[in-house]
Every structure is written in C-alpha cells, then in structure tokens.
file target_29.cif (mmCIF, C-alpha atoms)
data_entry
#
loop_
_atom_site.label_atom_id
_atom_site.label_comp_id
_atom_site.auth_asym_id
_atom_site.auth_seq_id
_atom_site.Cartn_x
_atom_site.Cartn_y
_atom_site.Cartn_z
CA MET A 617 18.05 1.01 -20.26
CA LYS A 618 14.39 1.84 -19.72
CA ILE A 619 11.74 0.25 -17.52
CA ILE A 620 8.12 1.37 -17.28
CA TYR A 621 7.04 2.47 -13.83
CA TYR A 622 3.72 3.36 -12.27
CA PRO A 623 3.91 6.40 -9.98
CA GLY A 624 0.42 6.43 -8.49
CA CYS A 625 -1.46 9.43 -7.15
CA THR A 626 0.36 10.31 -3.93
CA LEU A 627 3.80 10.24 -5.51
CA LYS A 628 2.75 13.23 -7.59
CA THR A 629 1.71 15.27 -4.56
CA LYS A 630 2.63 14.62 -0.93
CA ALA A 631 5.06 11.76 -1.60
CA LYS A 632 7.35 13.35 -4.16
CA ASN A 633 10.13 12.36 -1.78
CA LEU A 634 9.32 8.74 -2.71
CA GLY A 635 8.75 9.13 -6.44
CA ASP A 636 11.34 11.72 -7.44
CA THR A 637 14.13 10.04 -5.48
CA ALA A 638 13.41 6.70 -7.14
CA VAL A 639 13.72 8.29 -10.58
CA ALA A 640 16.92 10.11 -9.61
CA ALA A 641 18.49 7.06 -7.95
CA MET A 642 17.76 4.73 -10.84
CA SER A 643 19.22 7.27 -13.25
CA ARG A 644 22.49 7.08 -11.29
CA LEU A 645 22.36 3.31 -11.85
CA GLY A 646 21.94 3.78 -15.59
CA ILE A 647 18.25 2.91 -15.64
CA GLU A 648 15.50 5.24 -16.80
CA LEU A 649 12.19 4.87 -15.04
CA GLU A 650 9.80 5.70 -17.85
CA GLU A 651 6.49 6.89 -16.45
CA LEU A 652 3.46 4.94 -17.61
CA LYS A 653 1.44 6.99 -20.05
CA ARG A 654 -2.23 7.78 -19.33
CA TRP A 655 -2.11 6.12 -15.94
CA ASN A 656 -5.01 6.35 -13.50
CA CYS A 657 -5.42 5.70 -9.78
CA CYS A 658 -5.02 2.00 -9.01
CA GLY A 659 -7.95 2.15 -6.60
CA ALA A 660 -5.62 2.53 -3.61
CA VAL A 661 -6.97 -0.54 -1.77
CA TYR A 662 -7.61 -4.04 -3.05
CA SER A 663 -11.27 -4.91 -2.52
CA LEU A 664 -11.90 -7.51 0.17
CA ALA A 665 -15.17 -8.59 -1.46
CA ASP A 666 -14.57 -11.57 -3.74
CA ASP A 667 -17.35 -10.63 -6.14
CA ASP A 668 -16.52 -6.91 -6.33
CA LEU A 669 -15.15 -7.12 -9.84
CA ILE A 670 -15.99 -3.55 -10.82
CA HIS A 671 -13.41 -2.50 -8.22
CA GLN A 672 -10.76 -4.26 -10.32
CA VAL A 673 -11.35 -2.15 -13.41
CA ALA A 674 -9.05 0.66 -12.24
CA PRO A 675 -5.97 -1.51 -11.60
CA VAL A 676 -6.58 -3.65 -14.68
CA ARG A 677 -6.82 -0.52 -16.82
CA VAL A 678 -3.36 0.43 -15.51
CA LEU A 679 -2.11 -3.00 -16.58
CA VAL A 680 -3.67 -2.54 -20.02
CA ARG A 681 -1.76 0.74 -20.38
CA ALA A 682 1.47 -1.04 -19.43
CA MET A 683 0.78 -3.75 -21.99
CA GLU A 684 0.21 -1.11 -24.66
CA GLN A 685 3.44 0.66 -23.78
CA GLY A 686 5.40 -2.60 -23.99
CA GLY A 687 8.28 -4.03 -22.01
CA GLY A 688 6.57 -6.81 -20.11
CA LYS A 689 7.29 -5.41 -16.64
CA LEU A 690 5.73 -2.63 -14.61
CA VAL A 691 7.77 -1.31 -11.68
CA THR A 692 5.93 0.10 -8.68
CA LEU A 693 7.15 2.08 -5.67
CA CYS A 694 4.22 2.49 -3.27
CA SER A 695 3.51 -0.69 -1.28
CA MET A 696 -0.23 -0.29 -1.57
CA CYS A 697 -0.13 0.34 -5.33
CA TYR A 698 2.09 -2.72 -5.72
CA ASN A 699 -0.31 -4.87 -3.70
CA THR A 700 -3.42 -3.67 -5.54
CA LEU A 701 -1.92 -4.06 -9.01
CA ALA A 702 -0.27 -7.42 -8.30
CA ARG A 703 -3.47 -8.92 -6.85
CA ALA A 704 -5.60 -7.65 -9.72
CA ASN A 705 -3.02 -9.14 -12.06
CA LEU A 706 -3.39 -12.54 -10.39
CA ILE A 707 -7.12 -12.52 -11.13
CA MET A 708 -6.51 -11.73 -14.78
CA LYS A 709 -3.90 -14.48 -15.07
CA ASN A 710 -5.60 -17.25 -13.15
CA ASP A 711 -9.39 -16.82 -13.16
CA GLU A 712 -10.89 -17.12 -16.63
CA GLU A 713 -14.46 -16.34 -15.58
CA LYS A 714 -13.51 -13.18 -13.69
CA ARG A 715 -11.06 -12.19 -16.42
CA ASN A 716 -13.78 -12.38 -19.06
CA THR A 717 -16.18 -10.35 -16.91
CA ILE A 718 -13.64 -7.63 -16.19
CA ASN A 719 -12.58 -7.43 -19.82
CA SER A 720 -16.24 -7.08 -20.80
CA PHE A 721 -16.55 -4.09 -18.45
CA MET A 722 -13.86 -2.33 -20.50
CA ASP A 723 -15.32 -2.64 -23.96
CA GLU A 724 -13.17 0.18 -25.32
CA GLU A 725 -9.92 -1.35 -24.05
CA LYS A 726 -7.84 -4.21 -25.36
CA ASP A 727 -8.48 -7.51 -23.59
CA TYR A 728 -5.93 -8.16 -20.86
CA ASN A 729 -4.85 -11.68 -19.94
CA GLY A 730 -2.07 -11.11 -17.43
CA GLU A 731 0.70 -10.26 -19.90
CA ILE A 732 2.46 -7.83 -17.52
CA GLU A 733 4.67 -8.70 -14.55
CA VAL A 734 4.13 -6.30 -11.64
CA VAL A 735 7.42 -5.74 -9.83
CA HIS A 736 8.24 -3.74 -6.72
CA LEU A 737 11.38 -1.62 -7.01
CA LEU A 738 13.08 -3.50 -4.16
CA SER A 739 12.76 -6.75 -6.10
CA TYR A 740 13.91 -5.07 -9.29
CA LEU A 741 17.02 -3.70 -7.59
CA LYS A 742 18.02 -7.12 -6.34
CA ASP A 743 17.22 -9.10 -9.49
CA GLU A 744 18.16 -6.66 -12.25
CA VAL A 745 20.86 -4.48 -10.64
CA GLY A 746 22.32 -6.58 -7.84
CA TRP A 747 23.58 -5.45 -4.46
CA ASP A 748 27.27 -5.70 -5.39
CA ALA A 749 26.78 -3.55 -8.48
CA LEU A 750 24.76 -1.06 -6.46
CA LYS A 751 27.44 -0.92 -3.77
CA GLU A 752 30.02 0.03 -6.38
CA LYS A 753 27.92 3.08 -7.31
CA VAL A 754 27.65 4.41 -3.75
CA THR A 755 29.46 7.74 -3.35
CA VAL A 756 27.97 8.88 -0.04
CA PRO A 757 27.89 5.79 2.20
CA LEU A 758 25.30 6.04 4.96
CA GLU A 759 27.83 5.15 7.64
CA GLY A 760 26.72 5.58 11.21
CA LEU A 761 23.02 5.33 10.35
CA ASN A 762 21.10 2.56 12.11
CA ILE A 763 17.90 2.00 10.16
CA ALA A 764 15.02 -0.35 10.94
CA PRO A 765 13.42 -1.75 7.75
CA TYR A 766 9.62 -1.42 7.93
CA TYR A 767 7.41 -3.29 5.46
CA GLY A 768 3.90 -2.79 6.82
CA CYS A 769 0.95 -4.90 5.66
CA THR A 770 1.06 -4.94 1.91
CA LEU A 771 4.57 -5.93 0.81
CA GLN A 772 4.25 -9.51 2.05
CA ARG A 773 0.53 -10.17 2.23
CA PRO A 774 -0.98 -12.22 0.75
CA ARG A 775 1.85 -14.67 0.23
CA GLU A 776 1.02 -15.07 -3.48
CA VAL A 777 2.13 -11.50 -4.26
CA GLY A 778 4.57 -10.83 -1.42
CA ILE A 779 7.97 -9.55 -2.47
CA GLU A 780 9.42 -12.14 -0.08
CA ALA A 781 8.16 -14.67 2.45
CA PRO A 782 6.29 -13.28 5.48
CA GLY A 783 8.66 -12.56 8.33
CA SER A 784 11.66 -12.07 6.04
CA PHE A 785 12.86 -8.53 5.48
CA GLN A 786 16.01 -9.24 3.50
CA LEU A 787 15.35 -7.05 0.47
CA MET A 788 15.26 -3.77 2.34
CA THR A 789 17.93 -4.99 4.78
CA GLU A 790 20.32 -5.77 1.93
CA LEU A 791 19.56 -2.47 0.22
CA LEU A 792 20.34 -0.51 3.37
CA GLU A 793 23.55 -2.44 3.90
CA ALA A 794 24.62 -1.91 0.28
CA ALA A 795 24.07 1.82 0.85
CA GLY A 796 26.39 1.70 3.87
CA ALA A 797 23.82 1.84 6.67
CA GLU A 798 23.34 -0.65 9.49
CA ALA A 799 20.00 -2.47 9.29
CA VAL A 800 18.30 -2.95 12.67
CA PRO A 801 15.75 -5.81 12.67
CA ILE A 802 12.47 -5.39 14.54
CA ALA A 803 9.69 -7.96 14.97
CA GLU A 804 7.13 -5.23 14.28
CA ALA A 805 8.42 -4.69 10.72
CA ASP A 806 5.18 -6.09 9.30
CA LEU A 807 2.80 -4.75 11.94
CA CYS A 808 0.04 -2.62 10.40
CA CYS A 809 0.59 1.11 10.98
CA GLY A 810 -3.17 1.57 11.37
CA SER A 811 -3.72 2.25 7.67
CA TYR A 812 -6.96 4.10 6.89
CA GLN A 813 -8.11 3.67 10.49
CA ILE A 814 -6.33 6.98 11.01
CA ILE A 815 -9.58 8.47 9.67
CA GLY A 816 -12.19 6.22 11.25
CA ASN A 817 -10.41 5.28 14.47
CA PRO A 818 -7.37 7.52 14.90
CA GLU A 819 -6.68 6.32 18.44
CA ALA A 820 -6.32 2.71 17.31
CA ALA A 821 -4.12 3.73 14.39
CA GLY A 822 -1.99 5.87 16.68
CA ASN A 823 -1.52 2.99 19.11
CA ASN A 824 -0.28 0.69 16.36
CA SER A 825 2.11 3.28 14.98
CA ALA A 826 3.40 3.99 18.47
CA LYS A 827 4.25 0.28 18.92
CA ILE A 828 6.33 0.34 15.76
CA VAL A 829 8.19 3.50 16.74
CA SER A 830 8.78 2.19 20.26
CA ALA A 831 10.12 -1.14 18.98
CA ALA A 832 12.55 0.57 16.62
CA ASP A 833 13.71 2.95 19.33
CA LYS A 834 14.29 0.11 21.83
CA ALA A 835 16.23 -1.83 19.19
CA GLY A 836 18.62 1.10 18.82
CA ALA A 837 17.44 2.34 15.43
CA ASP A 838 18.02 5.96 14.51
CA ALA A 839 15.16 5.89 11.99
CA LEU A 840 12.71 3.76 10.03
CA SER A 841 12.81 3.04 6.30
CA MET A 842 9.56 2.37 4.42
CA SER A 843 7.81 2.19 1.07
CA CYS A 844 4.24 3.35 1.73
CA PRO A 845 2.99 6.96 1.88
CA LEU A 846 0.21 6.03 4.30
CA CYS A 847 2.69 4.32 6.62
CA GLU A 848 4.94 7.36 6.40
CA TYR A 849 2.01 9.58 7.31
CA ASN A 850 0.88 7.49 10.28
CA ILE A 851 4.36 6.77 11.62
CA GLY A 852 6.33 9.80 10.48
CA LYS A 853 3.92 12.70 10.29
CA LYS A 854 1.51 11.75 13.09
CA GLN A 855 4.03 10.25 15.52
CA GLY A 856 6.93 12.61 14.94
CA GLY A 857 9.14 10.72 17.36
CA LEU A 858 11.62 8.67 15.38
CA PRO A 859 12.81 9.96 11.98
CA THR A 860 11.40 8.20 8.92
CA PHE A 861 12.64 7.90 5.35
CA TYR A 862 11.46 6.32 2.15
CA PHE A 863 13.97 3.66 1.10
CA THR A 864 14.38 5.54 -2.19
CA GLN A 865 15.52 8.68 -0.36
CA LEU A 866 18.28 6.75 1.39
CA LEU A 867 19.27 5.04 -1.85
CA ALA A 868 19.35 8.34 -3.75
CA LEU A 869 21.41 10.05 -1.07
CA ALA A 870 23.93 7.18 -1.06
CA LEU A 871 24.22 7.41 -4.85
CA GLY A 872 25.10 11.09 -4.68
CA VAL A 873 21.74 12.70 -5.42
CA SER A 874 21.62 16.15 -3.81
CA PRO A 875 19.65 16.65 -0.58
CA GLU A 876 17.47 19.19 -2.40
CA GLU A 877 16.42 16.56 -4.95
CA CYS A 878 15.62 14.15 -2.12
CA HIS A 879 12.83 16.43 -0.86
CA PHE A 880 13.65 16.07 2.83
CA GLU A 881 11.43 19.09 3.45
CA LEU A 882 8.50 16.67 3.04
CA ASN A 883 9.78 14.50 5.89
CA HIS A 884 9.47 15.35 9.55
CA GLN A 885 12.16 17.89 10.45
CA SER A 886 13.90 15.35 12.69
CA SER A 887 14.77 13.23 9.65
CA PHE A 888 16.94 15.86 8.01
CA GLU A 889 18.44 16.83 11.36
CA LEU A 890 19.53 13.22 11.84
CA LEU A 891 21.36 13.19 8.52
CA LYS A 892 23.15 16.43 9.42
CA SER A 893 24.11 15.13 12.85
CA LYS A 894 25.67 12.03 11.30
CA GLY A 895 27.65 14.14 8.82
CA ILE A 896 25.96 12.51 5.83
CA VAL A 897 24.48 15.83 4.72
CA LYS A 898 26.66 18.89 5.02
CA LEU A 899 24.88 22.22 4.58
#
call {"tool": "encode", "arguments": {"input": "target_29.cif", "output": "structure tokens"}}
result
Amino acid sequence: MKIIYYPGCTLKTKAKNLGDTAVAAMSRLGIELEELKRWNCCGAVYSLADDDLIHQVAPVRVLVRAMEQGGGKLVTLCSMCYNTLARANLIMKNDEEKRNTINSFMDEEKDYNGEIEVVHLLSYLKDEVGWDALKEKVTVPLEGLNIAPYYGCTLQRPREVGIEAPGSFQLMTELLEAAGAEAVPIAEADLCCGSYQIIGNPEAAGNNSAKIVSAADKAGADALSMSCPLCEYNIGKKQGGLPTFYFTQLLALALGVSPEECHFELNHQSSFELLKSKGIVKL
C-alpha cells in the first residue's frame, strides 16, 4: 500500500531523525510513504494577515502537486507543515473569491479546488492502521519508558484543522502506549515552545521551553515526544535537560528498526543514553 507524503525542508537536513524514521516505521507496517514529487517549501508559517494571499501560493502549489500525483490524501509529519498546508487547504475549499485569486496567481498550474485531504501521520496511524494492529507489530516494546506527549502550538490550533480537540492529547498518548511506553500527561503539552522567538527574543523562548521541560520532569517523565523540528530544537537542543524524541523515532524503534536508522546522533546525547539505560537499545 502506498500513500503520498510531504517531507518538508527540515526533514531532509537537520530532522532526518523525524523523516527517515517515519518512512522506516511505516514500511514495517506494510505501508510505503511515497515522497511527493517536485515538492517545495510550504512557507513554514501560515500567514497571520487575512489578505496575504501571495503567501498561500507555496502551500497551494504543494497541494497541486499532490493532486497531480493522485491518491486523494497527503500525509505530513512536521506539525508546522501540517498546519500550514491544512489551513491553506481550507481557504481553497471554502473561500471561492480567495481560491480564484490564488489560482490566478499560478497561471501555469492546474486550478486547485481543495481536492486533497491533508492528514497528519498520527491521525493516519489511528484511522488507517489502528492501535491494535500496530501493537501486534511491536517487536521491541518500550517498557520502562515514561514519555510525556508534547503537541506544541500547531497540532490543535486553530480548531478547524486540529488533529484533535484542544486539550486532548489522545493520539500521541495511544501511540506511545501501543509501542509499550507509559504516557505521562502534562498540562503544558500545548504550551508554545517559543517558536521563532528563539531568534528575536531568545530569553522569552527559553523561558517557555524551560516551563515545558520542568513540567514533564515534575510529572515523572523520562523524556518528551514531539512532532515539530522547531520544538525539538528549542526544547531538546537548547534546553538539553530532559531527553526528547520525535514520535516517529519511538515508533520505529518499537517496530524493530535499528538504532542506526533512527538517527539518534541527531538528538541530544542524553536521549540515546536514556534508551541504553532502560535496556531498550543494546550496543
């Protein structure tokens, strides 16, 4: 079985530990993530200006490519890519005036009218694979790992594109439990990590990330699981306190993908040390 997926820019460089593990994990589940052909950057951030339609050309062009490739669904991994593509898709489905304007900007492309469904991998795993079926494929259960699911800003906001209702973190919780780990809930699971303020106001971003790490630590979590390269940078790379993983790394490991293929060298060193200390990775 094949499903088209959009990797996005960072998954080809500093977040290979997100992209490559998703491909490897899904292969173990009998599903081929077929990379979207001729993809471009989604724009990284959805424009907050209502009339900034030129900003929507990049994500809509991605959706046009998905329509051309066929299949009806486009799977995403990065939270920010998902948010940007899903919100651009809403415009093209629901706002005729804006849709016509955006299509006119792309006079060399086919007109796009919202034919594609943008799906985050967490939703796809639940709806198309199922937690029971996934659990049956687990060969390296993540027993002894207490993981706090972290969603950040863009997986649930705005409500119209959220993968689940704000304040509910069941998708990642159920994935972690299916993989054999213990999910540790924290109220700060949707607190912003500081996002791009790490450039303009690094102190403010650092304070937010520190709150998330502190909350997870107090709740008894060994590590945090996430879906956004920027969150991983702010919380994992810049904080360096509590280990962090992409949810795809944990899924891949549980499905028997080798530690080398999981690219733990791109995580903070403490992350791999945690896995060794729990006996999940034996090297």
call {"tool": "residues_around", "arguments": {"input": "target_29.cif", "residues": "stretch 626-641 of chain A", "least_positions_apart": "5", "cutoff": "6 Å", "atoms": "all atoms listed in the file", "output": "count of residues only"}}
result
7
call {"tool": "atom_distance", "arguments": {"input": "target_29.cif", "atom1": "atom CA of A:Val754", "atom2": "atom CA of A:Ser874"}}
result
13.2 Å
call {"tool": "resolve_selection", "arguments": {"input": "target_29.cif", "expression": "the PyMOL selection byres ((chain A and resi 894) around 9)", "output": "VMD selection string"}}
result
chain A and resid 758 to 761 889 to 893 895 to 897
call {"tool": "write_last_selection", "arguments": {"input": "target_29.cif", "atoms": "C-alpha atoms", "output": "PDB file, keeping the file's coordinate frame"}}
result
ATOM      1  CA  LEU A 758      25.300   6.040   4.960  1.00  0.00           C
ATOM      2  CA  GLU A 759      27.830   5.150   7.640  1.00  0.00           C
ATOM      3  CA  GLY A 760      26.720   5.580  11.210  1.00  0.00           C
ATOM      4  CA  LEU A 761      23.020   5.330  10.350  1.00  0.00           C
ATOM      5  CA  GLU A 889      18.440  16.830  11.360  1.00  0.00           C
ATOM      6  CA  LEU A 890      19.530  13.220  11.840  1.00  0.00           C
ATOM      7  CA  LEU A 891      21.360  13.190   8.520  1.00  0.00           C
ATOM      8  CA  LYS A 892      23.150  16.430   9.420  1.00  0.00           C
ATOM      9  CA  SER A 893      24.110  15.130  12.850  1.00  0.00           C
ATOM     10  CA  GLY A 895      27.650  14.140   8.820  1.00  0.00           C
ATOM     11  CA  ILE A 896      25.960  12.510   5.830  1.00  0.00           C
ATOM     12  CA  VAL A 897      24.480  15.830   4.720  1.00  0.00           C
TER      13      VAL A 897
END
call {"tool": "closest_atom_pairs", "arguments": {"input": "target_29.cif", "of": "stretch 815-898 of chain A", "to": "stretch 787-790 of chain A", "cutoff": "9 Å", "atoms": "all atoms listed in the file", "output": "tab-separated table"}}
result
residue	atom	partner	partner_atom	distance
A:Ser841	CA	A:Met788	CA	8.2
A:Met842	CA	A:Met788	CA	8.6
A:Phe863	CA	A:Met788	CA	7.6
call {"tool": "write_last_selection", "arguments": {"input": "target_29.cif", "atoms": "C-alpha atoms", "output": "CSV table (one decimal), in the frame of the given file"}}
result
chain,number,residue,atom,x,y,z
A,841,SER,CA,12.8,3.0,6.3
A,842,MET,CA,9.6,2.4,4.4
A,863,PHE,CA,14.0,3.7,1.1
call {"tool": "closest_residue", "arguments": {"input": "target_29.cif", "among": "A:Gln772, A:Asn850, A:Ser643, A:Asn716", "to": "A:Asn824", "atoms": "only C-alpha atoms"}}
result
A:Asn850
call {"tool": "closest_residue", "arguments": {"input": "target_29.cif", "among": "A:Asn719, A:Thr700, A:Thr860, A:Ser843", "to": "A:Ser663", "atoms": "only C-alpha atoms"}}
result
A:Thr700
call {"tool": "closest_residue", "arguments": {"input": "target_29.cif", "among": "A:Ala826, A:Leu882, A:Ile620, A:Ile670", "to": "A:Lys854", "atoms": "all atoms listed in the file"}}
result
A:Ala826
call {"tool": "resolve_selection", "arguments": {"input": "target_29.cif", "expression": "the PyMOL selection byres ((chain A and resi 705) around 12)", "output": "PDB file with C-alpha atoms, keeping the file's coordinate frame"}}
result
ATOM      1  CA  CYS A 658      -5.020   2.000  -9.010  1.00  0.00           C
ATOM      2  CA  TYR A 662      -7.610  -4.040  -3.050  1.00  0.00           C
ATOM      3  CA  GLN A 672     -10.760  -4.260 -10.320  1.00  0.00           C
ATOM      4  CA  VAL A 673     -11.350  -2.150 -13.410  1.00  0.00           C
ATOM      5  CA  ALA A 674      -9.050   0.660 -12.240  1.00  0.00           C
ATOM      6  CA  PRO A 675      -5.970  -1.510 -11.600  1.00  0.00           C
ATOM      7  CA  VAL A 676      -6.580  -3.650 -14.680  1.00  0.00           C
ATOM      8  CA  ARG A 677      -6.820  -0.520 -16.820  1.00  0.00           C
ATOM      9  CA  VAL A 678      -3.360   0.430 -15.510  1.00  0.00           C
ATOM     10  CA  LEU A 679      -2.110  -3.000 -16.580  1.00  0.00           C
ATOM     11  CA  VAL A 680      -3.670  -2.540 -20.020  1.00  0.00           C
ATOM     12  CA  ALA A 682       1.470  -1.040 -19.430  1.00  0.00           C
ATOM     13  CA  MET A 683       0.780  -3.750 -21.990  1.00  0.00           C
ATOM     14  CA  LYS A 689       7.290  -5.410 -16.640  1.00  0.00           C
ATOM     15  CA  LEU A 690       5.730  -2.630 -14.610  1.00  0.00           C
ATOM     16  CA  CYS A 697      -0.130   0.340  -5.330  1.00  0.00           C
ATOM     17  CA  TYR A 698       2.090  -2.720  -5.720  1.00  0.00           C
ATOM     18  CA  ASN A 699      -0.310  -4.870  -3.700  1.00  0.00           C
ATOM     19  CA  THR A 700      -3.420  -3.670  -5.540  1.00  0.00           C
ATOM     20  CA  LEU A 701      -1.920  -4.060  -9.010  1.00  0.00           C
ATOM     21  CA  ALA A 702      -0.270  -7.420  -8.300  1.00  0.00           C
ATOM     22  CA  ARG A 703      -3.470  -8.920  -6.850  1.00  0.00           C
ATOM     23  CA  ALA A 704      -5.600  -7.650  -9.720  1.00  0.00           C
ATOM     24  CA  LEU A 706      -3.390 -12.540 -10.390  1.00  0.00           C
ATOM     25  CA  ILE A 707      -7.120 -12.520 -11.130  1.00  0.00           C
ATOM     26  CA  MET A 708      -6.510 -11.730 -14.780  1.00  0.00           C
ATOM     27  CA  LYS A 709      -3.900 -14.480 -15.070  1.00  0.00           C
ATOM     28  CA  ASN A 710      -5.600 -17.250 -13.150  1.00  0.00           C
ATOM     29  CA  ASP A 711      -9.390 -16.820 -13.160  1.00  0.00           C
ATOM     30  CA  LYS A 714     -13.510 -13.180 -13.690  1.00  0.00           C
ATOM     31  CA  ARG A 715     -11.060 -12.190 -16.420  1.00  0.00           C
ATOM     32  CA  ILE A 718     -13.640  -7.630 -16.190  1.00  0.00           C
ATOM     33  CA  TYR A 728      -5.930  -8.160 -20.860  1.00  0.00           C
ATOM     34  CA  ASN A 729      -4.850 -11.680 -19.940  1.00  0.00           C
ATOM     35  CA  GLY A 730      -2.070 -11.110 -17.430  1.00  0.00           C
ATOM     36  CA  GLU A 731       0.700 -10.260 -19.900  1.00  0.00           C
ATOM     37  CA  ILE A 732       2.460  -7.830 -17.520  1.00  0.00           C
ATOM     38  CA  GLU A 733       4.670  -8.700 -14.550  1.00  0.00           C
ATOM     39  CA  VAL A 734       4.130  -6.300 -11.640  1.00  0.00           C
ATOM     40  CA  VAL A 735       7.420  -5.740  -9.830  1.00  0.00           C
ATOM     41  CA  GLU A 776       1.020 -15.070  -3.480  1.00  0.00           C
ATOM     42  CA  VAL A 777       2.130 -11.500  -4.260  1.00  0.00           C
TER      43      VAL A 777
END
call {"tool": "atom_distance", "arguments": {"input": "target_29.cif", "atom1": "atom CA of A:Lys751", "atom2": "atom CA of A:Ile763"}}
result
17.1 Å
call {"tool": "closest_residue", "arguments": {"input": "target_29.cif", "among": "A:Ile814, A:Leu899, A:Leu664, A:Leu866", "to": "A:Pro774", "atoms": "all atoms listed in the file"}}
result
A:Leu664
call {"tool": "closest_residue", "arguments": {"input": "target_29.cif", "among": "A:Ala665, A:Ala749, A:Cys809, A:Ile619", "to": "A:Glu650", "atoms": "only C-alpha atoms"}}
result
A:Ile619
call {"tool": "build_atoms", "arguments": {"input": "target_29.cif", "residues": "stretch 872-890 of chain A", "atoms": "N, CA and C atoms", "output": "PDB file, in the coordinates of the input"}}
result
ATOM      1  N   GLY A 872      24.606   9.757  -4.377  1.00  0.00           N
ATOM      2  CA  GLY A 872      25.100  11.090  -4.680  1.00  0.00           C
ATOM      3  C   GLY A 872      24.078  12.084  -5.156  1.00  0.00           C
ATOM      4  N   VAL A 873      22.797  11.745  -5.076  1.00  0.00           N
ATOM      5  CA  VAL A 873      21.740  12.700  -5.420  1.00  0.00           C
ATOM      6  C   VAL A 873      21.723  13.794  -4.351  1.00  0.00           C
ATOM      7  N   SER A 874      21.544  15.037  -4.755  1.00  0.00           N
ATOM      8  CA  SER A 874      21.620  16.150  -3.810  1.00  0.00           C
ATOM      9  C   SER A 874      20.476  16.102  -2.800  1.00  0.00           C
ATOM     10  N   PRO A 875      20.710  16.596  -1.589  1.00  0.00           N
ATOM     11  CA  PRO A 875      19.650  16.650  -0.580  1.00  0.00           C
ATOM     12  C   PRO A 875      18.405  17.394  -1.066  1.00  0.00           C
ATOM     13  N   GLU A 876      18.610  18.427  -1.881  1.00  0.00           N
ATOM     14  CA  GLU A 876      17.470  19.190  -2.400  1.00  0.00           C
ATOM     15  C   GLU A 876      16.581  18.308  -3.261  1.00  0.00           C
ATOM     16  N   GLU A 877      17.193  17.468  -4.092  1.00  0.00           N
ATOM     17  CA  GLU A 877      16.420  16.560  -4.950  1.00  0.00           C
ATOM     18  C   GLU A 877      15.735  15.458  -4.155  1.00  0.00           C
ATOM     19  N   CYS A 878      16.201  15.219  -2.954  1.00  0.00           N
ATOM     20  CA  CYS A 878      15.620  14.150  -2.120  1.00  0.00           C
ATOM     21  C   CYS A 878      14.377  14.612  -1.370  1.00  0.00           C
ATOM     22  N   HIS A 879      14.053  15.875  -1.439  1.00  0.00           N
ATOM     23  CA  HIS A 879      12.830  16.430  -0.860  1.00  0.00           C
ATOM     24  C   HIS A 879      12.679  16.112   0.631  1.00  0.00           C
ATOM     25  N   PHE A 880      13.744  16.332   1.388  1.00  0.00           N
ATOM     26  CA  PHE A 880      13.650  16.070   2.830  1.00  0.00           C
ATOM     27  C   PHE A 880      12.729  17.061   3.528  1.00  0.00           C
ATOM     28  N   GLU A 881      12.390  18.140   2.849  1.00  0.00           N
ATOM     29  CA  GLU A 881      11.430  19.090   3.450  1.00  0.00           C
ATOM     30  C   GLU A 881      10.048  18.461   3.622  1.00  0.00           C
ATOM     31  N   LEU A 882       9.790  17.358   2.905  1.00  0.00           N
ATOM     32  CA  LEU A 882       8.500  16.670   3.040  1.00  0.00           C
ATOM     33  C   LEU A 882       8.503  15.646   4.173  1.00  0.00           C
ATOM     34  N   ASN A 883       9.683  15.373   4.718  1.00  0.00           N
ATOM     35  CA  ASN A 883       9.780  14.500   5.890  1.00  0.00           C
ATOM     36  C   ASN A 883       9.613  15.335   7.151  1.00  0.00           C
ATOM     37  N   HIS A 884       9.437  14.647   8.269  1.00  0.00           N
ATOM     38  CA  HIS A 884       9.470  15.350   9.550  1.00  0.00           C
ATOM     39  C   HIS A 884      10.856  15.989   9.705  1.00  0.00           C
ATOM     40  N   GLN A 885      10.909  17.146  10.321  1.00  0.00           N
ATOM     41  CA  GLN A 885      12.160  17.890  10.450  1.00  0.00           C
ATOM     42  C   GLN A 885      13.266  17.069  11.089  1.00  0.00           C
ATOM     43  N   SER A 886      12.900  16.159  11.987  1.00  0.00           N
ATOM     44  CA  SER A 886      13.900  15.350  12.690  1.00  0.00           C
ATOM     45  C   SER A 886      14.695  14.463  11.737  1.00  0.00           C
ATOM     46  N   SER A 887      14.098  14.116  10.592  1.00  0.00           N
ATOM     47  CA  SER A 887      14.770  13.230   9.650  1.00  0.00           C
ATOM     48  C   SER A 887      16.003  13.915   9.041  1.00  0.00           C
ATOM     49  N   PHE A 888      15.820  15.132   8.595  1.00  0.00           N
ATOM     50  CA  PHE A 888      16.940  15.860   8.010  1.00  0.00           C
ATOM     51  C   PHE A 888      17.980  16.204   9.072  1.00  0.00           C
ATOM     52  N   GLU A 889      17.507  16.517  10.277  1.00  0.00           N
ATOM     53  CA  GLU A 889      18.440  16.830  11.360  1.00  0.00           C
ATOM     54  C   GLU A 889      19.313  15.622  11.686  1.00  0.00           C
ATOM     55  N   LEU A 890      18.755  14.428  11.594  1.00  0.00           N
ATOM     56  CA  LEU A 890      19.530  13.220  11.840  1.00  0.00           C
ATOM     57  C   LEU A 890      20.658  13.077  10.826  1.00  0.00           C
TER      58      LEU A 890
END
